[in-house]
$ cat target_5.pdb   # PDB, C-alpha atoms
MODEL        1
ATOM      1  CA  MET P   1      42.181  56.707  96.993
ATOM      2  CA  LYS P   2      45.620  58.083  97.813
ATOM      3  CA  MET P   3      46.434  61.131  95.755
ATOM      4  CA  LYS P   4      49.990  61.522  94.530
ATOM      5  CA  GLY P   5      51.541  64.890  95.360
ATOM      6  CA  ALA P   6      52.830  66.914  92.459
ATOM      7  CA  LYS P   7      56.534  66.353  91.881
ATOM      8  CA  GLN P   8      58.807  69.356  92.359
ATOM      9  CA  VAL P   9      60.108  70.266  88.987
ATOM     10  CA  HIS P  10      62.777  72.734  87.931
ATOM     11  CA  TYR P  11      62.384  74.658  84.764
ATOM     12  CA  ASP P  12      65.312  75.828  82.699
ATOM     13  CA  ALA P  13      63.476  78.348  80.652
ATOM     14  CA  GLY P  14      66.593  79.719  78.941
ATOM     15  CA  PRO P  15      70.347  80.172  79.292
ATOM     16  CA  ASN P  16      71.626  81.265  82.686
ATOM     17  CA  MET P  17      72.588  84.894  82.229
ATOM     18  CA  THR P  18      74.041  85.424  85.708
ATOM     19  CA  PRO P  19      77.689  84.517  84.968
ATOM     20  CA  LEU P  20      77.586  86.628  81.839
ATOM     21  CA  VAL P  21      76.234  89.611  83.769
ATOM     22  CA  ASP P  22      78.895  89.108  86.431
ATOM     23  CA  VAL P  23      81.732  89.079  83.928
ATOM     24  CA  VAL P  24      80.368  92.103  82.108
ATOM     25  CA  MET P  25      80.101  93.964  85.384
ATOM     26  CA  VAL P  26      83.704  93.169  86.240
ATOM     27  CA  ILE P  27      84.852  94.447  82.850
ATOM     28  CA  LEU P  28      82.705  97.544  83.262
ATOM     29  CA  ILE P  29      84.124  98.350  86.692
ATOM     30  CA  PHE P  30      87.649  97.757  85.415
ATOM     31  CA  LEU P  31      87.161 100.094  82.477
ATOM     32  CA  MET P  32      85.565 102.759  84.650
ATOM     33  CA  LEU P  33      88.474 102.702  87.050
ATOM     34  CA  ALA P  34      91.082 102.522  84.299
ATOM     35  CA  GLY P  35      89.399 105.403  82.499
ATOM     36  CA  ASN P  36      89.519 107.612  85.519
ATOM     37  CA  PHE P  37      92.931 106.842  86.821
ATOM     38  CA  GLY P  38      94.714 105.520  83.777
ATOM     39  CA  ASP P  39      98.106 106.851  82.730
ATOM     40  CA  VAL P  40      97.002 110.028  81.023
ATOM     41  CA  GLU P  41      99.767 111.810  82.850
ATOM     42  CA  HIS P  42     103.480 111.637  82.364
ATOM     43  CA  TYR P  43     106.602 113.510  83.441
ATOM     44  CA  LEU P  44     109.303 115.717  81.976
ATOM     45  CA  ALA P  45     112.518 114.644  83.637
ATOM     46  CA  SER P  46     115.322 116.979  84.623
ATOM     47  CA  SER P  47     118.518 116.268  86.488
ATOM     48  CA  VAL P  48     118.924 119.886  87.556
ATOM     49  CA  PRO P  49     116.154 121.871  89.241
ATOM     50  CA  ILE P  50     117.327 125.386  88.383
ATOM     51  CA  ARG P  51     120.516 127.269  87.635
ATOM     52  CA  GLU P  52     120.931 130.067  90.102
ATOM     53  CA  LYS P  53     122.187 133.506  89.192
ATOM     54  CA  GLY P  54     125.132 135.012  91.016
ATOM     55  CA  VAL P  55     126.602 131.614  91.832
ATOM     56  CA  PRO P  56     130.028 130.909  90.276
ATOM     57  CA  VAL P  57     129.953 128.387  87.442
ATOM     58  CA  LYS P  58     132.259 126.016  89.345
ATOM     59  CA  ASP P  59     129.665 125.832  92.155
ATOM     60  CA  GLN P  60     126.772 125.254  89.794
ATOM     61  CA  VAL P  61     125.286 121.837  89.394
ATOM     62  CA  ILE P  62     125.249 122.371  85.634
ATOM     63  CA  PRO P  63     128.627 121.350  84.229
ATOM     64  CA  ASP P  64     130.530 123.468  81.751
ATOM     65  CA  ASP P  65     129.052 121.866  78.632
ATOM     66  CA  VAL P  66     127.963 123.304  75.322
ATOM     67  CA  GLU P  67     125.235 125.694  76.329
ATOM     68  CA  LEU P  68     122.117 126.498  74.382
ATOM     69  CA  LYS P  69     120.093 129.181  76.105
ATOM     70  CA  ILE P  70     116.471 129.931  75.257
ATOM     71  CA  ARG P  71     115.147 133.209  76.529
ATOM     72  CA  VAL P  72     111.391 133.261  77.066
ATOM     73  CA  ASP P  73     109.394 136.425  77.638
ATOM     74  CA  SER P  74     105.756 137.129  78.183
ATOM     75  CA  SER P  75     103.780 139.181  75.696
ATOM     76  CA  GLY P  76     100.138 139.454  76.668
ATOM     77  CA  ASP P  77      98.466 136.113  76.134
ATOM     78  CA  ARG P  78     101.435 134.475  74.462
ATOM     79  CA  PHE P  79     105.160 134.012  74.819
ATOM     80  CA  ILE P  80     108.157 135.086  72.773
ATOM     81  CA  ALA P  81     111.128 132.747  72.679
ATOM     82  CA  ARG P  82     114.568 133.547  71.373
ATOM     83  CA  LEU P  83     117.727 131.515  71.191
ATOM     84  CA  GLU P  84     120.746 133.330  72.589
ATOM     85  CA  GLY P  85     122.932 134.489  69.728
ATOM     86  CA  ASP P  86     120.037 134.410  67.277
ATOM     87  CA  GLU P  87     117.968 137.466  66.431
ATOM     88  CA  ARG P  88     114.855 135.556  65.395
ATOM     89  CA  THR P  89     111.929 135.336  67.781
ATOM     90  CA  PHE P  90     109.361 132.546  68.007
ATOM     91  CA  VAL P  91     105.794 132.479  69.226
ATOM     92  CA  ASP P  92     105.058 128.937  68.077
ATOM     93  CA  PRO P  93     106.790 126.035  69.866
ATOM     94  CA  LYS P  94     106.909 124.099  66.569
ATOM     95  CA  ASP P  95     109.093 126.765  64.928
ATOM     96  CA  LEU P  96     111.384 126.697  67.933
ATOM     97  CA  ARG P  97     111.509 122.897  67.723
ATOM     98  CA  ASP P  98     112.597 123.098  64.076
ATOM     99  CA  LEU P  99     115.338 125.597  64.893
ATOM    100  CA  LEU P 100     116.569 123.410  67.758
ATOM    101  CA  SER P 101     116.518 120.339  65.529
ATOM    102  CA  GLY P 102     118.799 122.185  63.112
ATOM    103  CA  LYS P 103     121.111 123.213  65.948
ATOM    104  CA  LEU P 104     121.243 119.665  67.306
ATOM    105  CA  GLN P 105     122.020 118.287  63.856
ATOM    106  CA  GLY P 106     124.845 120.832  63.579
ATOM    107  CA  TYR P 107     126.348 119.597  66.867
ATOM    108  CA  LEU P 108     125.968 115.971  65.819
ATOM    109  CA  ASP P 109     127.712 116.709  62.514
ATOM    110  CA  LYS P 110     130.602 118.142  64.541
ATOM    111  CA  ALA P 111     130.662 114.857  66.531
ATOM    112  CA  ILE P 112     129.623 116.573  69.783
ATOM    113  CA  ASN P 113     128.075 114.137  72.228
ATOM    114  CA  PRO P 114     124.440 115.120  72.965
ATOM    115  CA  ASP P 115     125.092 114.417  76.649
ATOM    116  CA  LYS P 116     127.483 117.354  76.580
ATOM    117  CA  ILE P 117     124.851 119.800  75.361
ATOM    118  CA  GLN P 118     123.013 121.651  78.086
ATOM    119  CA  VAL P 119     119.779 123.360  77.060
ATOM    120  CA  LEU P 120     118.861 126.172  79.429
ATOM    121  CA  ILE P 121     115.414 127.709  79.488
ATOM    122  CA  SER P 122     115.593 131.229  80.847
ATOM    123  CA  PRO P 123     112.067 132.526  81.470
ATOM    124  CA  GLY P 124     110.926 135.942  82.608
ATOM    125  CA  GLY P 125     109.168 136.077  85.956
ATOM    126  CA  PHE P 126     105.758 136.776  84.428
ATOM    127  CA  VAL P 127     105.793 133.998  81.831
ATOM    128  CA  LYS P 128     103.093 131.441  82.470
ATOM    129  CA  TYR P 129     104.218 127.983  83.568
ATOM    130  CA  ASN P 130     102.114 126.545  80.713
ATOM    131  CA  TYR P 131     104.280 128.341  78.128
ATOM    132  CA  ILE P 132     107.517 127.323  79.812
ATOM    133  CA  ILE P 133     106.458 123.701  79.731
ATOM    134  CA  GLN P 134     105.534 124.094  76.041
ATOM    135  CA  ILE P 135     109.109 125.278  75.401
ATOM    136  CA  TYR P 136     110.442 122.321  77.403
ATOM    137  CA  ASP P 137     108.305 120.016  75.272
ATOM    138  CA  ALA P 138     109.620 121.619  72.067
ATOM    139  CA  VAL P 139     113.206 121.050  73.260
ATOM    140  CA  LEU P 140     112.502 117.377  73.931
ATOM    141  CA  GLU P 141     110.728 117.033  70.595
ATOM    142  CA  ALA P 142     113.681 118.483  68.635
ATOM    143  CA  SER P 143     115.757 115.753  67.052
ATOM    144  CA  GLY P 144     118.723 115.064  64.859
ATOM    145  CA  THR P 145     120.143 111.916  63.337
ATOM    146  CA  SER P 146     123.485 110.290  63.916
ATOM    147  CA  ALA P 147     124.523 106.928  62.456
ATOM    148  CA  GLY P 148     120.928 106.338  61.401
ATOM    149  CA  LYS P 149     119.612 106.870  64.921
ATOM    150  CA  GLU P 150     117.272 109.592  66.077
ATOM    151  CA  ILE P 151     118.912 111.698  68.770
ATOM    152  CA  HIS P 152     117.232 114.104  71.205
ATOM    153  CA  PHE P 153     118.503 116.600  73.737
ATOM    154  CA  THR P 154     119.040 114.868  77.055
ATOM    155  CA  LYS P 155     119.953 117.715  79.373
ATOM    156  CA  VAL P 156     117.352 120.416  79.884
ATOM    157  CA  ALA P 157     117.203 122.804  82.831
ATOM    158  CA  PHE P 158     115.750 126.126  83.880
ATOM    159  CA  GLU P 159     117.521 129.303  84.794
ATOM    160  CA  GLN P 160     116.483 131.778  87.444
ATOM    161  CA  ALA P 161     114.151 134.449  86.053
ATOM    162  CA  HIS P 162     115.860 137.202  84.105
TER     163      HIS P 162
ATOM    164  CA  MET B   1      44.648  58.710  77.057
ATOM    165  CA  SER B   2      48.236  59.056  78.052
ATOM    166  CA  LYS B   3      49.232  61.821  80.446
ATOM    167  CA  ARG B   4      51.923  64.256  79.394
ATOM    168  CA  HIS B   5      54.648  64.832  81.995
ATOM    169  CA  ILE B   6      56.949  67.784  82.226
ATOM    170  CA  PRO B   7      60.441  66.277  82.213
ATOM    171  CA  GLU B   8      62.726  66.899  85.174
ATOM    172  CA  SER B   9      65.693  68.992  84.390
ATOM    173  CA  HIS B  10      69.165  67.569  84.874
ATOM    174  CA  THR B  11      71.854  70.211  85.123
ATOM    175  CA  ALA B  12      75.039  68.434  84.160
ATOM    176  CA  HIS B  13      77.324  71.499  84.299
ATOM    177  CA  PRO B  14      78.626  72.976  87.571
ATOM    178  CA  ASN B  15      77.194  76.273  88.739
ATOM    179  CA  VAL B  16      79.994  78.780  88.246
ATOM    180  CA  THR B  17      78.098  81.819  89.511
ATOM    181  CA  PRO B  18      79.467  81.750  93.090
ATOM    182  CA  LEU B  19      82.966  81.317  91.705
ATOM    183  CA  ILE B  20      82.581  84.338  89.456
ATOM    184  CA  ASP B  21      81.132  86.331  92.350
ATOM    185  CA  ILE B  22      84.137  85.586  94.524
ATOM    186  CA  ILE B  23      86.577  86.394  91.708
ATOM    187  CA  MET B  24      84.781  89.668  91.091
ATOM    188  CA  CYS B  25      85.020  90.598  94.760
ATOM    189  CA  LEU B  26      88.728  89.771  94.766
ATOM    190  CA  ILE B  27      89.407  91.807  91.638
ATOM    191  CA  ILE B  28      87.595  94.833  93.053
ATOM    192  CA  PHE B  29      89.384  94.435  96.372
ATOM    193  CA  PHE B  30      92.832  94.247  94.787
ATOM    194  CA  MET B  31      92.158  97.128  92.449
ATOM    195  CA  LEU B  32      91.071  99.359  95.292
ATOM    196  CA  VAL B  33      93.877  98.289  97.593
ATOM    197  CA  ALA B  34      96.458  98.756  94.843
ATOM    198  CA  LYS B  35      95.225 102.294  94.258
ATOM    199  CA  ILE B  36      95.332 103.165  97.933
ATOM    200  CA  GLY B  37      98.798 101.666  98.276
ATOM    201  CA  VAL B  38     100.375 103.905  95.614
ATOM    202  CA  THR B  39      98.667 107.164  96.418
ATOM    203  CA  THR B  40     101.131 109.970  95.754
ATOM    204  CA  GLY B  41      99.166 112.865  97.141
ATOM    205  CA  ALA B  42      98.492 114.333  93.718
ATOM    206  CA  GLU B  43      95.735 116.921  93.969
ATOM    207  CA  GLU B  44      93.300 118.127  91.319
ATOM    208  CA  ILE B  45      95.350 120.771  89.535
ATOM    209  CA  LYS B  46      95.209 121.980  85.917
ATOM    210  CA  ILE B  47      98.668 120.805  84.936
ATOM    211  CA  PRO B  48     100.176 121.691  81.516
ATOM    212  CA  LYS B  49      99.788 119.411  78.488
ATOM    213  CA  THR B  50     102.782 118.008  76.616
ATOM    214  CA  ILE B  51     103.488 115.555  73.815
ATOM    215  CA  TYR B  52     106.692 114.165  75.289
ATOM    216  CA  GLY B  53     107.123 112.634  78.699
ATOM    217  CA  THR B  54     108.324 109.615  80.583
ATOM    218  CA  LYS B  55     106.739 107.322  83.124
ATOM    219  CA  ILE B  56     108.038 106.757  86.631
ATOM    220  CA  SER B  57     108.090 103.050  87.385
ATOM    221  CA  ASP B  58     108.947 103.305  91.070
ATOM    222  CA  MET B  59     106.832 105.877  92.883
ATOM    223  CA  GLY B  60     108.064 104.699  96.263
ATOM    224  CA  ASN B  61     110.860 107.227  96.670
ATOM    225  CA  THR B  62     109.056 110.269  95.323
ATOM    226  CA  LEU B  63     107.449 113.320  96.881
ATOM    227  CA  THR B  64     104.757 115.099  94.887
ATOM    228  CA  LEU B  65     104.677 118.843  95.429
ATOM    229  CA  ASN B  66     101.290 120.322  94.551
ATOM    230  CA  ILE B  67     101.500 123.996  93.634
ATOM    231  CA  PRO B  68      97.970 125.306  93.043
ATOM    232  CA  ASP B  69      97.330 128.670  91.441
ATOM    233  CA  ALA B  70      97.877 131.231  94.189
ATOM    234  CA  SER B  71      97.549 134.344  92.024
ATOM    235  CA  ASN B  72      94.491 135.400  94.054
ATOM    236  CA  ASN B  73      96.491 135.205  97.257
ATOM    237  CA  ILE B  74      97.411 138.850  97.804
ATOM    238  CA  SER B  75      98.656 138.310 101.346
ATOM    239  CA  SER B  76     101.840 136.539 100.259
ATOM    240  CA  ASP B  77     104.185 136.377  97.278
ATOM    241  CA  MET B  78     105.242 132.890  98.277
ATOM    242  CA  PRO B  79     103.662 129.905  96.519
ATOM    243  CA  THR B  80     101.469 127.445  98.377
ATOM    244  CA  VAL B  81     103.074 124.001  98.356
ATOM    245  CA  ARG B  82     101.111 120.983  99.514
ATOM    246  CA  ALA B  83     102.402 117.439  99.808
ATOM    247  CA  LEU B  84     101.616 114.097 101.386
ATOM    248  CA  VAL B  85     104.272 114.023 104.065
ATOM    249  CA  ALA B  86     105.351 111.637 106.801
ATOM    250  CA  HIS B  87     108.063 112.888 109.152
ATOM    251  CA  SER B  88     109.078 109.418 110.290
ATOM    252  CA  LYS B  89     108.926 105.891 108.899
ATOM    253  CA  ASP B  90     106.147 104.833 111.276
ATOM    254  CA  GLU B  91     104.003 107.879 110.647
ATOM    255  CA  THR B  92     101.072 107.715 108.250
ATOM    256  CA  PRO B  93     101.551 110.334 105.508
ATOM    257  CA  VAL B  94      99.280 113.342 105.892
ATOM    258  CA  MET B  95      98.540 116.090 103.379
ATOM    259  CA  GLN B  96     100.316 119.181 104.620
ATOM    260  CA  THR B  97     101.014 122.715 103.506
ATOM    261  CA  LEU B  98     104.755 123.318 103.462
ATOM    262  CA  PRO B  99     105.413 127.046 103.796
ATOM    263  CA  LEU B 100     108.627 128.404 102.336
ATOM    264  CA  LEU B 101     108.669 130.839 105.223
ATOM    265  CA  ASP B 102     106.645 129.940 108.298
ATOM    266  CA  SER B 103     105.886 132.095 111.353
ATOM    267  CA  SER B 104     109.159 131.033 112.995
ATOM    268  CA  GLY B 105     111.131 132.003 109.881
ATOM    269  CA  GLN B 106     111.808 128.416 108.801
ATOM    270  CA  ASN B 107     111.471 126.915 105.356
ATOM    271  CA  GLN B 108     109.319 123.845 105.993
ATOM    272  CA  LEU B 109     109.678 122.660 102.392
ATOM    273  CA  LEU B 110     113.458 122.660 102.717
ATOM    274  CA  ILE B 111     113.314 120.756 106.015
ATOM    275  CA  THR B 112     110.995 118.149 104.475
ATOM    276  CA  LEU B 113     113.101 117.743 101.333
ATOM    277  CA  GLU B 114     116.296 117.335 103.349
ATOM    278  CA  TYR B 115     114.624 114.670 105.495
ATOM    279  CA  TYR B 116     113.381 112.750 102.447
ATOM    280  CA  LYS B 117     116.758 113.008 100.724
ATOM    281  CA  GLN B 118     118.320 111.429 103.797
ATOM    282  CA  GLN B 119     115.744 108.643 103.878
ATOM    283  CA  PHE B 120     115.773 107.640 100.201
ATOM    284  CA  ALA B 121     118.894 107.010  98.189
ATOM    285  CA  ASP B 122     117.306 107.826  94.836
ATOM    286  CA  PHE B 123     114.880 110.493  95.954
ATOM    287  CA  LYS B 124     112.798 112.232  93.281
ATOM    288  CA  VAL B 125     110.598 115.293  93.440
ATOM    289  CA  ILE B 126     107.504 115.623  91.288
ATOM    290  CA  ILE B 127     106.314 119.153  90.529
ATOM    291  CA  ARG B 128     102.582 119.287  89.981
ATOM    292  CA  ALA B 129     101.895 122.950  89.321
ATOM    293  CA  ASP B 130      98.970 124.850  87.872
ATOM    294  CA  GLY B 131      99.832 125.947  84.327
ATOM    295  CA  GLU B 132      98.226 129.372  84.712
ATOM    296  CA  GLN B 133     100.775 130.494  87.270
ATOM    297  CA  ASN B 134     103.683 132.779  86.535
ATOM    298  CA  TRP B 135     107.210 131.450  86.613
ATOM    299  CA  ARG B 136     108.009 133.577  89.652
ATOM    300  CA  ALA B 137     105.535 131.470  91.659
ATOM    301  CA  ILE B 138     107.282 128.215  90.727
ATOM    302  CA  GLN B 139     110.852 129.483  90.961
ATOM    303  CA  PRO B 140     111.149 129.652  94.791
ATOM    304  CA  VAL B 141     110.141 125.985  94.941
ATOM    305  CA  LEU B 142     112.880 125.006  92.467
ATOM    306  CA  LEU B 143     115.428 127.103  94.353
ATOM    307  CA  THR B 144     114.482 125.281  97.560
ATOM    308  CA  ILE B 145     114.861 121.924  95.786
ATOM    309  CA  ASN B 146     118.307 123.084  94.645
ATOM    310  CA  GLN B 147     119.173 124.115  98.185
ATOM    311  CA  ALA B 148     118.143 120.690  99.509
ATOM    312  CA  GLY B 149     120.532 119.084  97.010
ATOM    313  CA  VAL B 150     117.841 117.124  95.191
ATOM    314  CA  ARG B 151     118.804 116.513  91.588
ATOM    315  CA  ASN B 152     115.952 114.446  90.169
ATOM    316  CA  VAL B 153     113.006 116.663  89.343
ATOM    317  CA  PHE B 154     110.004 115.532  87.326
ATOM    318  CA  TYR B 155     107.441 117.969  85.956
ATOM    319  CA  ASN B 156     104.021 116.335  85.964
ATOM    320  CA  THR B 157     102.134 117.013  82.725
ATOM    321  CA  GLU B 158      99.043 115.703  81.011
ATOM    322  CA  GLN B 159      99.471 113.677  77.842
ATOM    323  CA  GLU B 160      98.286 115.674  74.852
ATOM    324  CA  LYS B 161      95.824 113.654  72.768
TER     325      LYS B 161
ENDMDL
END

$ encode --input "target_5.pdb" --output "structure tokens"
Amino acid sequence: MKMKGAKQVHYDAGPNMTPLVDVVMVILIFLMLAGNFGDVEHYLASSVPIREKGVPVKDQVIPDDVELKIRVDSSGDRFIARLEGDERTFVDPKDLRDLLSGKLQGYLDKAINPDKIQVLISPGGFVKYNYIIQIYDAVLEASGTSAGKEIHFTKVAFEQAH
Amino acid sequence: MSKRHIPESHTAHPNVTPLIDIIMCLIIFFMLVAKIGVTTGAEEIKIPKTIYGTKISDMGNTLTLNIPDASNNISSDMPTVRALVAHSKDETPVMQTLPLLDSSGQNQLLITLEYYKQQFADFKVIIRADGEQNWRAIQPVLLTINQAGVRNVFYNTEQEK
């Protein structure tokens, strides 16, 4: 008697997980890469690198605008900031920000264009770069209001070490 | 007695696994290529943290100047500046140290900045400096940027969470 060979059968024992695993892997790789190289960094923009000392004002790249100079000195593990023409000293960037906000509001009330206000940061040679950038950040954070709009300082630059 | 048969399976849907595999390969390829294409030469440096900051949309006409902490370098007062530099359009950019005063008395940073300023109309410099350094270490770099006539300077900072 001729025996019939067993038929080849294919079992689908459950849902096919392969596409799901593939997609999950793609998402995982994407997130890993994005997490490592994502935009956690940004930039503080300046249109003037540094104002040099001993160079006549007419030859400076900083125009003759309203000038607001912040003197920054080092004091151990912290900094001391002072606005030129103001006796008060600041060790916290937030206090400096509040003072600058008041100053900016004063200029706006006098209808002075913020583009005409030059903020100069004048650090001492031994002040840490971290502190100087904190001051820069405080300047950018300072704001006033004009015609219902929030206004910030637009021109910030450094001065050669005092 | 009737025999029980295991029914043959009929897969009516198309097998999408190879398609997904190919798409995955393409995604990984493009992601890697895109990263390599926009490499700016930014090195691992402990840059300062700030709340405010802007993004640079076009990194094509920028030069990133890495200024690592050189406070342990007692042999020189000058900062160490490193950048990914190509001295001609055909040259592949290479990470180089740009001394502010080399053995022949030349300022290599100034020469490089002047070349880049000539090449790109809207040339920008990115300062990527270690936050623990003193201002006097950063200042000579800014003075050189001034001397080269570059006006657009961006200070690279980390976004404060």

$ closest_residue --input "target_5.pdb" --among "P:Val127, P:Val48, P:Leu120, P:Val23" --to "Leu68 in chain P" --atoms "all atoms listed in the file"
P:Leu120

$ resolve_selection --input "target_5.pdb" --expression "the ChimeraX specification (/B :<7) & /P" --output "PyMOL selection string"
chain P and resi 9-11+18-19+22+26+40-50+125-130+133-134+137+140-141

$ residues_around --input "target_5.pdb" --residues "Glu43 in chain B" --least-positions-apart "6" --cutoff "9 Å" --atoms "all atoms listed in the file" --output "PyMOL selection string"
chain B and resi 66+68+82-83+128

$ resolve_selection --input "target_5.pdb" --expression "the PyMOL selection byres ((chain B and resi 117-120) around 9)" --output "list in words"
Asn61, Thr62, Lys89, Thr112, Leu113, Glu114, Tyr115, Tyr116, Ala121, Asp122, Phe123, Lys124, Ala148, Gly149 and Val150 of chain B

$ write_last_selection --input "target_5.pdb" --atoms "C-alpha atoms" --output "CSV table (one decimal), in the coordinates of the input"
chain,number,residue,atom,x,y,z
B,61,ASN,CA,110.9,107.2,96.7
B,62,THR,CA,109.1,110.3,95.3
B,89,LYS,CA,108.9,105.9,108.9
B,112,THR,CA,111.0,118.1,104.5
B,113,LEU,CA,113.1,117.7,101.3
B,114,GLU,CA,116.3,117.3,103.3
B,115,TYR,CA,114.6,114.7,105.5
B,116,TYR,CA,113.4,112.8,102.4
B,121,ALA,CA,118.9,107.0,98.2
B,122,ASP,CA,117.3,107.8,94.8
B,123,PHE,CA,114.9,110.5,96.0
B,124,LYS,CA,112.8,112.2,93.3
B,148,ALA,CA,118.1,120.7,99.5
B,149,GLY,CA,120.5,119.1,97.0
B,150,VAL,CA,117.8,117.1,95.2

$ atom_distance --input "target_5.pdb" --atom1 "CA of Met95 in chain B" --atom2 "CA of Leu33 in chain P"
23.4 Å

$ closest_residue --input "target_5.pdb" --among "B:Thr40, B:Ser103, B:Thr92, B:Gln108" --to "Asp58 in chain B" --atoms "all atoms listed in the file"
B:Thr40

$ resolve_selection --input "target_5.pdb" --expression "the PyMOL selection byres ((chain P and resi 67) around 7)" --output "list in words"
Asp65, Val66, Leu68, Lys69, Ile117, Gln118 and Val119 of chain P

$ write_last_selection --input "target_5.pdb" --atoms "C-alpha atoms" --output "mmCIF file, keeping the file's coordinate frame"
data_model
loop_
_atom_site.group_PDB
_atom_site.id
_atom_site.type_symbol
_atom_site.label_atom_id
_atom_site.label_comp_id
_atom_site.auth_asym_id
_atom_site.auth_seq_id
_atom_site.Cartn_x
_atom_site.Cartn_y
_atom_site.Cartn_z
ATOM 1 C CA ASP P 65 129.052 121.866 78.632
ATOM 2 C CA VAL P 66 127.963 123.304 75.322
ATOM 3 C CA LEU P 68 122.117 126.498 74.382
ATOM 4 C CA LYS P 69 120.093 129.181 76.105
ATOM 5 C CA ILE P 117 124.851 119.800 75.361
ATOM 6 C CA GLN P 118 123.013 121.651 78.086
ATOM 7 C CA VAL P 119 119.779 123.360 77.060
#
